[in-house]
file final.cif (mmCIF, C-alpha atoms and all ligand atoms)
data_work
#
loop_
_atom_site.label_atom_id
_atom_site.label_comp_id
_atom_site.auth_asym_id
_atom_site.auth_seq_id
_atom_site.Cartn_x
_atom_site.Cartn_y
_atom_site.Cartn_z
CA MET D 23 93.75 14.40 -41.69
CA GLU D 24 93.95 17.22 -44.21
CA LEU D 25 92.45 16.55 -47.61
CA LYS D 26 95.08 17.58 -50.15
CA ARG D 27 94.73 15.31 -53.13
CA ILE D 28 91.83 13.30 -54.48
CA VAL D 29 91.07 11.13 -57.47
CA LEU D 30 87.65 12.09 -58.79
CA GLY D 31 86.01 9.25 -60.69
CA VAL D 32 83.24 10.19 -63.11
CA THR D 33 80.92 7.47 -64.42
CA GLY D 34 78.26 7.53 -67.11
CA GLY D 35 75.12 9.37 -66.08
CA VAL D 36 73.54 12.71 -66.88
CA ALA D 37 74.75 14.05 -63.51
CA ALA D 38 78.28 13.88 -64.98
CA TYR D 39 77.90 17.51 -66.03
CA LYS D 40 77.68 18.42 -62.34
CA ALA D 41 81.01 16.69 -61.75
CA ALA D 42 82.60 19.62 -63.60
CA GLU D 43 81.19 22.05 -61.02
CA LEU D 44 82.27 19.75 -58.19
CA THR D 45 85.77 19.69 -59.69
CA ARG D 46 85.82 23.49 -59.76
CA LEU D 47 84.72 23.71 -56.11
CA LEU D 48 87.28 21.13 -54.96
CA VAL D 49 90.08 22.93 -56.80
CA LYS D 50 88.89 26.26 -55.37
CA SER D 51 89.16 24.76 -51.86
CA GLY D 52 92.83 24.06 -52.53
CA ILE D 53 92.51 20.35 -53.29
CA ASP D 54 94.57 18.79 -56.10
CA VAL D 55 92.13 16.80 -58.27
CA GLN D 56 93.01 14.00 -60.69
CA VAL D 57 89.99 13.08 -62.82
CA VAL D 58 89.43 9.55 -64.11
CA CYS D 59 86.40 9.06 -66.37
CA THR D 60 84.77 5.85 -67.51
CA ARG D 61 84.11 5.53 -71.25
CA ALA D 62 80.39 6.09 -70.63
CA ALA D 63 81.12 9.33 -68.75
CA LEU D 64 82.78 10.75 -71.86
CA HIS D 65 79.44 10.48 -73.69
CA PHE D 66 78.10 13.07 -71.26
CA VAL D 67 81.02 15.44 -70.71
CA GLY D 68 84.36 15.99 -72.43
CA ALA D 69 87.79 15.25 -70.97
CA ALA D 70 88.94 18.74 -72.02
CA THR D 71 86.54 20.30 -69.47
CA PHE D 72 88.11 18.42 -66.56
CA GLN D 73 91.61 18.92 -67.89
CA ALA D 74 91.06 22.69 -68.03
CA LEU D 75 89.57 22.75 -64.51
CA THR D 76 92.25 20.60 -62.84
CA GLY D 77 95.35 21.31 -64.92
CA HIS D 78 95.92 17.54 -65.20
CA PRO D 79 95.29 15.18 -68.11
CA VAL D 80 92.22 12.98 -67.72
CA PHE D 81 92.61 9.19 -67.77
CA THR D 82 90.11 6.56 -68.91
CA ASP D 83 92.06 3.61 -70.20
CA LEU D 84 93.93 0.95 -68.25
CA TRP D 85 96.40 0.79 -71.13
CA ASP D 86 97.07 4.51 -71.38
CA GLU D 87 100.57 5.01 -72.78
CA ARG D 88 100.97 8.36 -71.03
CA VAL D 89 101.75 6.47 -67.82
CA ASP D 90 105.37 5.32 -68.32
CA ASN D 91 105.35 2.02 -66.46
CA GLY D 92 101.91 0.84 -67.65
CA MET D 93 100.69 0.99 -64.05
CA ALA D 94 98.01 3.68 -64.33
CA HIS D 95 95.76 1.69 -61.98
CA ILE D 96 98.35 2.01 -59.20
CA ASP D 97 100.08 5.27 -60.05
CA LEU D 98 97.05 7.52 -60.28
CA SER D 99 95.79 6.87 -56.76
CA ARG D 100 99.25 6.84 -55.16
CA GLY D 101 99.44 9.78 -52.76
CA ALA D 102 95.69 10.39 -52.99
CA ASP D 103 93.90 11.04 -49.69
CA ALA D 104 90.62 9.76 -51.12
CA ILE D 105 88.87 8.47 -54.22
CA VAL D 106 85.50 10.13 -54.81
CA VAL D 107 83.19 8.71 -57.47
CA ALA D 108 80.58 11.32 -58.50
CA PRO D 109 78.32 10.49 -60.14
CA ALA D 110 78.42 6.79 -59.33
CA SER D 111 76.06 4.92 -61.69
CA ALA D 112 74.06 1.85 -60.65
CA ASP D 113 76.34 -0.26 -62.84
CA PHE D 114 79.49 1.13 -61.26
CA LEU D 115 78.16 0.55 -57.72
CA ALA D 116 77.36 -3.06 -58.69
CA LYS D 117 80.89 -3.45 -59.96
CA LEU D 118 82.36 -2.01 -56.76
CA ALA D 119 80.18 -4.26 -54.60
CA GLN D 120 81.51 -7.30 -56.47
CA GLY D 121 85.12 -6.13 -56.43
CA ARG D 122 85.38 -6.24 -60.19
CA ALA D 123 88.18 -4.44 -62.00
CA ASP D 124 87.59 -4.31 -65.72
CA ASP D 125 88.41 -0.67 -66.43
CA LEU D 126 90.75 1.96 -65.05
CA LEU D 127 88.39 3.49 -62.47
CA SER D 128 87.14 0.20 -60.99
CA THR D 129 90.73 -1.08 -60.88
CA LEU D 130 91.88 2.08 -59.08
CA CYS D 131 89.09 1.63 -56.53
CA LEU D 132 90.09 -1.99 -55.90
CA ALA D 133 93.79 -1.21 -55.67
CA ARG D 134 93.42 1.79 -53.34
CA ASP D 135 94.73 2.29 -49.82
CA CYS D 136 92.65 5.41 -49.06
CA PRO D 137 88.96 6.04 -48.25
CA LEU D 138 86.41 5.64 -51.06
CA LEU D 139 83.38 7.96 -51.25
CA VAL D 140 80.59 7.48 -53.79
CA ALA D 141 77.74 9.80 -54.80
CA PRO D 142 75.07 7.63 -56.43
CA ALA D 143 73.03 9.08 -59.30
CA MET D 144 70.38 7.12 -61.15
CA ASN D 145 66.72 6.84 -62.04
CA ARG D 146 64.49 6.29 -58.98
CA GLN D 147 63.49 2.78 -60.04
CA MET D 148 67.10 1.76 -60.46
CA TRP D 149 67.75 3.19 -56.98
CA GLU D 150 64.82 1.30 -55.45
CA ASN D 151 65.70 -1.99 -57.16
CA PRO D 152 66.60 -4.70 -54.60
CA ALA D 153 69.80 -5.38 -56.51
CA THR D 154 70.95 -1.79 -55.95
CA GLU D 155 69.86 -1.97 -52.29
CA ARG D 156 71.93 -5.14 -51.92
CA ASN D 157 74.95 -3.51 -53.52
CA LEU D 158 74.68 -0.44 -51.29
CA ALA D 159 74.42 -2.59 -48.16
CA GLN D 160 77.56 -4.43 -49.26
CA LEU D 161 79.41 -1.18 -49.91
CA SER D 162 78.55 0.10 -46.44
CA LEU D 163 79.88 -3.14 -44.95
CA ASP D 164 83.04 -2.56 -46.99
CA GLN D 165 83.43 0.89 -45.32
CA VAL D 166 82.64 2.80 -48.51
CA ASN D 167 81.06 6.21 -47.69
CA VAL D 168 77.83 6.73 -49.58
CA LEU D 169 76.90 10.40 -50.06
CA GLY D 170 73.21 10.87 -50.91
CA PRO D 171 71.37 10.49 -53.16
CA ASP D 172 68.84 13.27 -52.95
CA SER D 173 65.22 13.12 -53.94
CA GLY D 174 63.57 15.39 -56.50
CA GLU D 175 63.00 15.83 -60.18
CA GLN D 176 64.99 13.54 -62.44
CA ALA D 177 66.28 14.01 -65.97
CA CYS D 178 63.91 11.27 -67.16
CA GLY D 179 60.95 13.38 -65.98
CA GLU D 180 60.16 11.22 -62.94
CA THR D 181 60.40 12.37 -59.33
CA GLY D 182 61.97 10.40 -56.50
CA PHE D 183 65.24 9.32 -54.89
CA GLY D 184 68.28 8.98 -57.10
CA ARG D 185 69.38 12.54 -57.90
CA MET D 186 73.04 13.16 -57.22
CA LEU D 187 73.63 15.59 -54.33
CA GLU D 188 74.33 19.10 -55.54
CA PRO D 189 78.05 19.92 -55.96
CA GLU D 190 78.08 22.38 -53.01
CA THR D 191 76.55 19.75 -50.73
CA LEU D 192 78.99 17.12 -51.99
CA LEU D 193 81.93 19.42 -51.33
CA GLU D 194 80.66 19.97 -47.76
CA ALA D 195 80.27 16.23 -47.19
CA ILE D 196 83.65 15.34 -48.68
CA VAL D 197 85.51 17.95 -46.63
CA ALA D 198 83.55 17.01 -43.48
CA ARG D 199 84.57 13.36 -43.84
CA PHE D 200 88.20 14.35 -43.24
CA GLN D 201 87.75 16.71 -40.28
CA PRO D 202 88.67 15.36 -36.83
CA LYS D 203 85.55 14.13 -34.98
CA ARG D 204 86.17 16.19 -31.84
CA LEU D 205 82.49 16.53 -30.90
CA ASN D 206 81.35 13.07 -31.86
CA GLY D 207 77.89 12.29 -30.52
CA LEU D 208 77.45 15.67 -28.79
CA LYS D 209 74.44 17.92 -29.30
CA VAL D 210 75.36 21.47 -30.23
CA LEU D 211 72.94 24.39 -30.32
CA VAL D 212 73.97 27.48 -32.33
CA THR D 213 72.21 30.82 -32.77
CA ALA D 214 73.06 32.90 -35.83
CA GLY D 215 72.22 36.05 -37.74
CA PRO D 216 70.41 39.19 -36.67
CA THR D 217 66.96 39.37 -35.12
CA PHE D 218 64.11 41.45 -36.53
CA GLU D 219 61.82 43.43 -34.24
CA ALA D 220 58.66 44.53 -36.02
CA ILE D 221 57.67 48.21 -36.07
CA ASP D 222 54.64 47.63 -38.27
CA ALA D 223 53.43 45.18 -40.91
CA VAL D 224 56.46 45.74 -43.16
CA ARG D 225 59.13 47.57 -41.17
CA GLY D 226 61.39 46.50 -38.37
CA ILE D 227 64.59 47.03 -36.40
CA THR D 228 67.47 44.77 -37.32
CA ASN D 229 71.27 45.00 -37.71
CA SER D 230 74.01 44.26 -40.24
CA SER D 231 74.86 40.74 -39.03
CA SER D 232 75.00 38.44 -42.09
CA GLY D 233 74.84 35.14 -40.19
CA LYS D 234 78.08 33.96 -41.85
CA MET D 235 79.93 33.31 -38.59
CA GLY D 236 77.06 31.42 -36.97
CA TYR D 237 76.48 29.29 -40.07
CA ALA D 238 80.22 28.55 -40.26
CA VAL D 239 80.20 27.51 -36.59
CA ALA D 240 77.21 25.22 -37.23
CA ARG D 241 79.01 23.68 -40.20
CA ALA D 242 82.26 23.20 -38.27
CA ALA D 243 80.35 21.52 -35.42
CA LEU D 244 78.69 19.16 -37.91
CA GLU D 245 82.07 18.37 -39.46
CA ALA D 246 83.33 17.55 -35.96
CA GLY D 247 80.61 14.90 -35.62
CA ALA D 248 78.04 16.84 -33.56
CA GLU D 249 74.30 16.83 -33.99
CA VAL D 250 73.52 20.48 -34.67
CA THR D 251 70.44 22.63 -34.14
CA LEU D 252 70.75 26.03 -35.78
CA VAL D 253 68.36 28.74 -34.58
CA SER D 254 68.65 31.48 -37.16
CA GLY D 255 67.35 34.99 -37.58
CA PRO D 256 66.68 36.21 -41.12
CA THR D 257 69.72 35.72 -43.41
CA CYS D 258 70.34 35.13 -47.13
CA LEU D 259 72.49 32.04 -46.48
CA SER D 260 71.72 28.42 -47.18
CA PRO D 261 72.12 26.43 -43.99
CA PRO D 262 74.33 23.34 -43.77
CA ARG D 263 72.13 20.46 -44.96
CA ALA D 264 72.73 18.23 -42.01
CA ALA D 265 71.71 20.83 -39.40
CA ARG D 266 68.23 21.02 -37.91
CA LEU D 267 67.22 24.56 -38.82
CA ILE D 268 64.74 26.62 -36.80
CA SER D 269 64.05 29.98 -38.47
CA VAL D 270 62.91 32.86 -36.28
CA LEU D 271 62.46 36.60 -36.59
CA SER D 272 62.28 38.27 -33.19
CA THR D 273 64.36 37.87 -30.05
CA GLN D 274 61.34 36.48 -28.19
CA GLN D 275 60.95 33.79 -30.88
CA MET D 276 64.67 33.03 -30.72
CA LEU D 277 64.48 32.72 -26.93
CA ALA D 278 61.53 30.31 -27.14
CA ALA D 279 63.33 28.12 -29.70
CA VAL D 280 66.60 28.17 -27.74
CA GLU D 281 64.94 27.42 -24.40
CA GLN D 282 63.39 24.31 -25.87
CA ALA D 283 66.46 23.09 -27.74
CA ALA D 284 68.83 23.86 -24.83
CA ASP D 285 67.27 21.13 -22.69
CA ALA D 286 69.02 18.49 -24.78
CA ALA D 287 72.14 20.48 -25.74
CA ASP D 288 75.62 19.67 -24.47
CA ILE D 289 77.07 22.86 -25.91
CA PHE D 290 75.38 26.20 -26.67
CA ILE D 291 77.20 28.63 -28.96
CA SER D 292 75.45 31.97 -29.04
CA VAL D 293 76.64 33.75 -32.17
CA ALA D 294 73.48 35.70 -33.05
CA ALA D 295 73.56 39.48 -32.93
CA VAL D 296 70.42 39.75 -30.87
CA SER D 297 68.53 43.04 -30.75
CA ASP D 298 68.75 44.61 -27.30
CA TYR D 299 65.32 46.21 -27.64
CA TYR D 300 61.95 45.45 -29.18
CA VAL D 301 59.18 47.82 -30.21
CA LEU D 302 56.31 48.10 -27.76
CA ASN D 303 52.94 47.81 -29.47
CA PRO D 304 54.00 47.32 -33.09
CA SER D 305 51.30 48.35 -35.55
CA GLU D 306 49.51 45.53 -37.34
CA GLN D 307 49.00 47.79 -40.35
CA LYS D 308 51.62 49.70 -42.29
CA ILE D 309 52.08 53.07 -40.55
CA LYS D 310 51.06 55.89 -42.88
CA LYS D 311 53.35 58.80 -43.54
CA ASP D 312 52.36 62.20 -42.13
CA ALA D 313 54.13 65.38 -41.09
CA HIS D 314 54.37 64.54 -37.40
CA ILE D 315 57.33 63.24 -35.47
CA LEU D 316 56.96 59.52 -34.90
CA THR D 317 58.17 58.17 -31.57
CA LEU D 318 58.96 54.50 -31.14
CA GLU D 319 58.79 53.11 -27.65
CA LEU D 320 61.38 50.41 -27.07
CA ALA D 321 61.58 47.89 -24.27
CA PRO D 322 64.60 45.74 -23.38
CA ASN D 323 64.71 42.21 -24.77
CA PRO D 324 65.54 39.20 -22.62
CA ASP D 325 69.17 38.07 -22.77
CA ILE D 326 68.98 34.60 -24.32
CA LEU D 327 72.50 33.55 -23.45
CA ALA D 328 72.30 34.77 -19.84
CA ASN D 329 69.00 32.97 -19.56
CA ILE D 330 70.56 29.65 -20.54
CA SER D 331 73.90 30.08 -18.76
CA SER D 332 72.15 30.84 -15.47
CA ARG D 333 70.28 27.54 -15.50
CA GLN D 334 71.02 25.17 -12.67
CA LYS D 335 72.59 22.68 -15.08
CA PRO D 336 73.53 24.75 -18.12
CA PRO D 337 75.09 23.34 -21.26
CA PHE D 338 78.69 24.46 -21.97
CA CYS D 339 77.94 28.07 -23.02
CA VAL D 340 79.99 30.10 -25.48
CA GLY D 341 79.22 33.77 -26.12
CA PHE D 342 80.27 36.17 -28.85
CA ALA D 343 81.03 39.80 -28.16
CA ALA D 344 81.19 42.29 -31.01
CA GLU D 345 82.51 45.61 -29.77
CA SER D 346 83.62 48.84 -31.39
CA GLU D 347 85.91 49.93 -28.50
CA ASN D 348 87.71 48.39 -25.50
CA LEU D 349 87.10 45.03 -27.16
CA GLU D 350 88.80 42.64 -24.77
CA GLU D 351 87.87 44.50 -21.59
CA TYR D 352 84.15 44.60 -22.45
CA ALA D 353 84.18 41.01 -23.69
CA GLU D 354 85.80 39.72 -20.51
CA LEU D 355 83.26 41.67 -18.39
CA LYS D 356 80.45 40.01 -20.38
CA ARG D 357 82.03 36.61 -19.94
CA ARG D 358 82.05 37.02 -16.18
CA ARG D 359 78.62 38.62 -15.97
CA LYS D 360 77.03 35.83 -18.02
CA HIS D 361 79.10 33.09 -16.25
CA LEU D 362 80.58 31.75 -19.49
CA PRO D 363 83.56 29.40 -19.68
CA LEU D 364 84.43 31.01 -23.05
CA ILE D 365 83.65 34.18 -24.99
CA VAL D 366 84.77 35.10 -28.49
CA ALA D 367 85.66 38.76 -28.95
CA ASN D 368 85.59 40.36 -32.36
CA ASP D 369 85.82 43.89 -33.58
CA VAL D 370 82.55 45.07 -35.18
CA LYS D 371 84.55 47.08 -37.69
CA ASP D 372 86.05 44.02 -39.34
CA ALA D 373 83.68 41.21 -38.40
CA LEU D 374 80.05 42.12 -39.09
CA GLY D 375 79.05 41.00 -42.57
CA ALA D 376 82.67 40.37 -43.65
CA ASP D 377 84.07 37.08 -45.00
CA ASP D 378 87.19 37.13 -42.82
CA ALA D 379 87.61 37.87 -39.12
CA GLN D 380 90.21 37.95 -36.39
CA LEU D 381 88.91 36.35 -33.21
CA ILE D 382 90.15 36.57 -29.65
CA LEU D 383 89.08 33.74 -27.37
CA LEU D 384 88.82 34.62 -23.67
CA ASP D 385 88.53 31.85 -21.11
CA GLU D 386 89.69 31.06 -17.56
CA ALA D 387 93.20 30.43 -18.86
CA GLY D 388 93.51 33.84 -20.56
CA ARG D 389 93.46 34.99 -24.17
CA HIS D 390 94.07 33.11 -27.39
CA VAL D 391 94.30 35.01 -30.67
CA LEU D 392 93.00 33.36 -33.84
CA GLU D 393 94.76 35.35 -36.55
CA LYS D 394 92.61 36.73 -39.35
CA ALA D 395 91.21 34.02 -41.63
CA ASP D 396 87.99 33.13 -43.43
CA LYS D 397 85.07 32.40 -41.13
CA LEU D 398 84.96 28.63 -41.76
CA THR D 399 88.64 28.31 -40.82
CA GLN D 400 87.97 30.40 -37.69
CA ALA D 401 84.92 28.30 -36.86
CA ARG D 402 86.98 25.10 -37.10
CA ARG D 403 89.65 26.56 -34.82
CA LEU D 404 86.96 27.68 -32.38
CA ILE D 405 85.37 24.22 -32.37
CA ALA D 406 88.78 22.67 -31.67
CA HIS D 407 89.20 25.03 -28.69
CA ILE D 408 85.68 24.35 -27.40
CA ALA D 409 86.20 20.57 -27.73
CA GLN D 410 89.42 20.79 -25.76
CA LEU D 411 87.82 22.81 -22.93
CA TYR D 412 84.70 20.66 -22.92
CA ASN D 413 86.62 17.41 -22.84
CA THR D 414 88.96 18.51 -20.05
CA HIS D 415 86.43 20.23 -17.78
CA TYR D 416 82.95 19.03 -18.56
CA GLN D 417 83.10 15.33 -19.32
O1 LIG D 501 74.55 41.86 -26.85
P1 LIG D 501 75.79 41.34 -26.12
O2 LIG D 501 77.00 42.09 -26.52
O3 LIG D 501 75.59 41.18 -24.65
O4 LIG D 501 76.04 39.87 -26.71
C1 LIG D 501 76.94 39.00 -26.11
C2 LIG D 501 76.46 37.57 -26.25
O5 LIG D 501 75.15 37.43 -25.72
C3 LIG D 501 76.38 37.06 -27.67
O6 LIG D 501 76.80 35.72 -27.64
C4 LIG D 501 74.91 37.16 -28.02
O7 LIG D 501 74.54 36.19 -28.97
C5 LIG D 501 74.25 36.93 -26.67
N1 LIG D 501 72.98 37.65 -26.51
C6 LIG D 501 71.82 36.94 -26.30
N2 LIG D 501 70.64 37.61 -26.08
C7 LIG D 501 70.59 38.94 -26.06
C8 LIG D 501 71.77 39.69 -26.27
C9 LIG D 501 72.95 39.01 -26.49
O8 LIG D 501 71.85 35.72 -26.34
N3 LIG D 501 69.45 39.56 -25.85
#

call {"tool": "encode", "arguments": {"input": "final.cif", "output": "structure tokens", "more": "lines below"}}
Ligand code: C5P
result
Amino acid sequence: MELKRIVLGVTGGVAAYKAAELTRLLVKSGIDVQVVCTRAALHFVGAATFQALTGHPVFTDLWDERVDNGMAHIDLSRGADAIVVAPASADFLAKLAQGRADDLLSTLCLARDCPLLVAPAMNRQMWENPATERNLAQLSLDQVNVLGPDSGEQACGETGFGRMLEPETLLEAIVARFQPKRLNGLKVLVTAGPTFEAIDAVRGITNSSSGKMGYAVARAALEAGAEVTLVSGPTCLSPPRAARLISVLSTQQMLAAVEQAADAADIFISVAAVSDYYVLNPSEQKIKKDAHILTLELAPNPDILANISSRQKPPFCVGFAAESENLEEYAELKRRRKHLPLIVANDVKDALGADDAQLILLDEAGRHVLEKADKLTQARRLIAHIAQLYNTHYQ
């Protein structure tokens, strides 16, 4: 189901200021957001902020006269795909667990016919209190999705569980909740980014891969319900929270990590732009400058993907081919040489480091063009294609 419209409930806690950033991110992702604040929330952040960010008036009161028929508690959630309460205070969670309805937001939650997601935010002792534990257990039984909380420093100066998840993480979790679970229960291994082959203590050979495509593929696989291991070369990106991240530098390190993780993987998606060569005898010290010509001796690296796909019982292997000429011909040759059920061809000129890419999927059935789009959209389309092939041929 596509997430088009949500009611964002904001309750009284210091994390309410982060609800403004969450609102901005949701709106930026194309979601229509209707904000409903409790009275306590308005002590922390003003209605005008949310109104400016969403373009809709903010509601607080059950008896608001701006709703013609006096049915704000029904009208505001009509047509909503979800209600998200962020931050959800301990008091509000207790109210939800009891099914009470004594203000607009709690009444909307009780009268809803869509999923309810809550992002708890409170002091660590409130979070650890058996009463809160009881309420959370009840909410889970009632099919309410609980997002977080995180642990860390708290506004009160203490450290522990109870911090609201950061807005970016919440956005990821909210969007993921509504993606089809095409890879439910499967283990997916993804490689991403460039590799780095040391020349000396500070220098190395690498390439312009940003890791964006691989990270997007890992995120799309998580959204589809998979358990994801992400083996990443050096990038500036923050990995999806729910992935198991293994950071590596060189191709040899990537191979070692992949070989181990591949034993349990159902699907291996090899997105990394792996260096074809490594430097023989890298210097442990920084090489000093002098007037002579410096010659680097390079030796070929192992092919990680070919290594895995040639196993006796390989996981479902997907390759990526970035080419600057004869794109489809070279990609198809690679697919056959590496015995892959699927390879993704992309043009280096428009893919490496960019935010958008056009992808061409090559498999036994032929070619499928994924018209240019942002990398997360492409990753979701790719995951849908992989799931379809996997489920028809490999189950
Ligand atoms: O480098 P090449 O064009 O052959 O890359 C095609 C596919 O093989 C990609 O999926 C890439 O991640 C993978 N590869 C690899 N190990 C290498 C080289 C490439 O896994 N040493």

call {"tool": "closest_residue", "arguments": {"input": "final.cif", "among": "D:Asp288, D:Glu219, D:Asp113, D:Asp164", "to": "Asn145 (chain D)", "atoms": "only C-alpha atoms"}}
result
D:Asp113

call {"tool": "closest_residue", "arguments": {"input": "final.cif", "among": "D:Leu327, D:Ala74, D:Cys178, D:Ala214", "to": "ligand LIG 501 (chain D)", "atoms": "all atoms listed in the file"}}
result
D:Leu327

call {"tool": "residues_near_ligand", "arguments": {"input": "final.cif", "ligand": "ligand LIG 501 (chain D)", "cutoff": "6 Å", "atoms": "all atoms listed in the file", "output": "VMD selection string"}}
result
chain D and resid 292 to 296 298 323 to 327 341 to 343

call {"tool": "closest_residue", "arguments": {"input": "final.cif", "among": "D:Met144, D:Ala287, D:Ile227, D:Ile309", "to": "Glu180 (chain D)", "atoms": "only C-alpha atoms"}}
result
D:Met144

call {"tool": "residues_around", "arguments": {"input": "final.cif", "residues": "region 187-200 of chain D", "least_positions_apart": "2", "cutoff": "10 Å", "atoms": "only C-alpha atoms", "output": "NGL selection string"}}
result
:D and (23-25 or 37 or 40-48 or 51 or 53 or 103-104 or 106 or 108-109 or 137 or 139-143 or 167 or 169-173 or 184-185 or 202-203 or 241-247 or 262-264)

call {"tool": "closest_atom_pairs", "arguments": {"input": "final.cif", "of": "region 226-294 of chain D", "to": "region 384-398 of chain D", "cutoff": "9 Å", "atoms": "only C-alpha atoms", "output": "tab-separated table"}}
result
residue	atom	partner	partner_atom	distance
D:Lys234	CA	D:Lys397	CA	7.2
D:Met235	CA	D:Lys397	CA	5.8
D:Tyr237	CA	D:Leu398	CA	8.7
D:Ala238	CA	D:Leu398	CA	5.0
D:Val239	CA	D:Leu398	CA	7.1
D:Arg241	CA	D:Leu398	CA	7.9
D:Ala242	CA	D:Leu398	CA	7.0

call {"tool": "write_last_selection", "arguments": {"input": "final.cif", "atoms": "C-alpha atoms", "output": "compact mmCIF listing (two decimals), in the frame of the given file"}}
result
# COMPACT_ATOMS: atom_id res chain seq x y z
CA LYS D 234 78.08 33.96 -41.85
CA MET D 235 79.93 33.31 -38.59
CA TYR D 237 76.48 29.29 -40.07
CA ALA D 238 80.22 28.55 -40.26
CA VAL D 239 80.20 27.51 -36.59
CA ARG D 241 79.01 23.68 -40.20
CA ALA D 242 82.26 23.20 -38.27

call {"tool": "residues_around", "arguments": {"input": "final.cif", "residues": "Gln56 (chain D)", "least_positions_apart": "2", "cutoff": "8 Å", "atoms": "all atoms listed in the file", "output": "compact mmCIF listing (two decimals) with C-alpha atoms, in the coordinates of the input"}}
result
# COMPACT_ATOMS: atom_id res chain seq x y z
CA ARG D 27 94.73 15.31 -53.13
CA ILE D 28 91.83 13.30 -54.48
CA VAL D 29 91.07 11.13 -57.47
CA LEU D 30 87.65 12.09 -58.79
CA ASP D 54 94.57 18.79 -56.10
CA VAL D 58 89.43 9.55 -64.11
CA THR D 76 92.25 20.60 -62.84
CA HIS D 78 95.92 17.54 -65.20
CA PRO D 79 95.29 15.18 -68.11
CA VAL D 80 92.22 12.98 -67.72
CA LEU D 98 97.05 7.52 -60.28

call {"tool": "atom_distance", "arguments": {"input": "final.cif", "atom1": "CA of Pro261 (chain D)", "atom2": "CA of Leu208 (chain D)"}}
result
19.4 Å

call {"tool": "residues_around", "arguments": {"input": "final.cif", "residues": "Lys335 (chain D)", "least_positions_apart": "4", "cutoff": "12 Å", "atoms": "all atoms listed in the file", "output": "number ranges by chain"}}
result
D: 284-289, 329-331, 339, 416

call {"tool": "residues_around", "arguments": {"input": "final.cif", "residues": "region 251-254 of chain D", "least_positions_apart": "3", "cutoff": "6 Å", "atoms": "all atoms listed in the file", "output": "list in words"}}
result
Leu211, Val212, Thr213, Ala214, Gly215, Ala265, Arg266, Leu267, Ile268, Ser269 and Val270 of chain D

call {"tool": "write_last_selection", "arguments": {"input": "final.cif", "atoms": "C-alpha atoms", "output": "PDB file, in the frame of the given file"}}
result
ATOM      1  CA  LEU D 211      72.940  24.390 -30.320  1.00  0.00           C
ATOM      2  CA  VAL D 212      73.970  27.480 -32.330  1.00  0.00           C
ATOM      3  CA  THR D 213      72.210  30.820 -32.770  1.00  0.00           C
ATOM      4  CA  ALA D 214      73.060  32.900 -35.830  1.00  0.00           C
ATOM      5  CA  GLY D 215      72.220  36.050 -37.740  1.00  0.00           C
ATOM      6  CA  ALA D 265      71.710  20.830 -39.400  1.00  0.00           C
ATOM      7  CA  ARG D 266      68.230  21.020 -37.910  1.00  0.00           C
ATOM      8  CA  LEU D 267      67.220  24.560 -38.820  1.00  0.00           C
ATOM      9  CA  ILE D 268      64.740  26.620 -36.800  1.00  0.00           C
ATOM     10  CA  SER D 269      64.050  29.980 -38.470  1.00  0.00           C
ATOM     11  CA  VAL D 270      62.910  32.860 -36.280  1.00  0.00           C
TER      12      VAL D 270
END

call {"tool": "closest_residue", "arguments": {"input": "final.cif", "among": "D:Leu130, D:Ala321, D:Met148, D:Arg204", "to": "Arg403 (chain D)", "atoms": "only C-alpha atoms"}}
result
D:Arg204

call {"tool": "closest_residue", "arguments": {"input": "final.cif", "among": "D:Ser332, D:Ser128, D:His407, D:Thr33", "to": "His65 (chain D)", "atoms": "only C-alpha atoms"}}
result
D:Thr33

call {"tool": "atom_distance", "arguments": {"input": "final.cif", "atom1": "CA of Leu271 (chain D)", "atom2": "CA of Val210 (chain D)"}}
result
20.9 Å

call {"tool": "atom_distance", "arguments": {"input": "final.cif", "atom1": "CA of Ala177 (chain D)", "atom2": "CA of Ala38 (chain D)"}}
result
12.0 Å

call {"tool": "residues_around", "arguments": {"input": "final.cif", "residues": "Ala63 (chain D)", "least_positions_apart": "3", "cutoff": "6 Å", "atoms": "all atoms listed in the file", "output": "VMD selection string"}}
result
chain D and resid 33 to 34 59 to 60 66

call {"tool": "residues_near_point", "arguments": {"input": "final.cif", "point": "(66.2, 45.4, -38.1)", "cutoff": "6 Å", "atoms": "all atoms listed in the file", "output": "PDB file with C-alpha atoms, keeping the file's coordinate frame"}}
result
ATOM      1  CA  PHE D 218      64.110  41.450 -36.530  1.00  0.00           C
ATOM      2  CA  GLY D 226      61.390  46.500 -38.370  1.00  0.00           C
ATOM      3  CA  ILE D 227      64.590  47.030 -36.400  1.00  0.00           C
ATOM      4  CA  THR D 228      67.470  44.770 -37.320  1.00  0.00           C
ATOM      5  CA  ASN D 229      71.270  45.000 -37.710  1.00  0.00           C
TER       6      ASN D 229
END
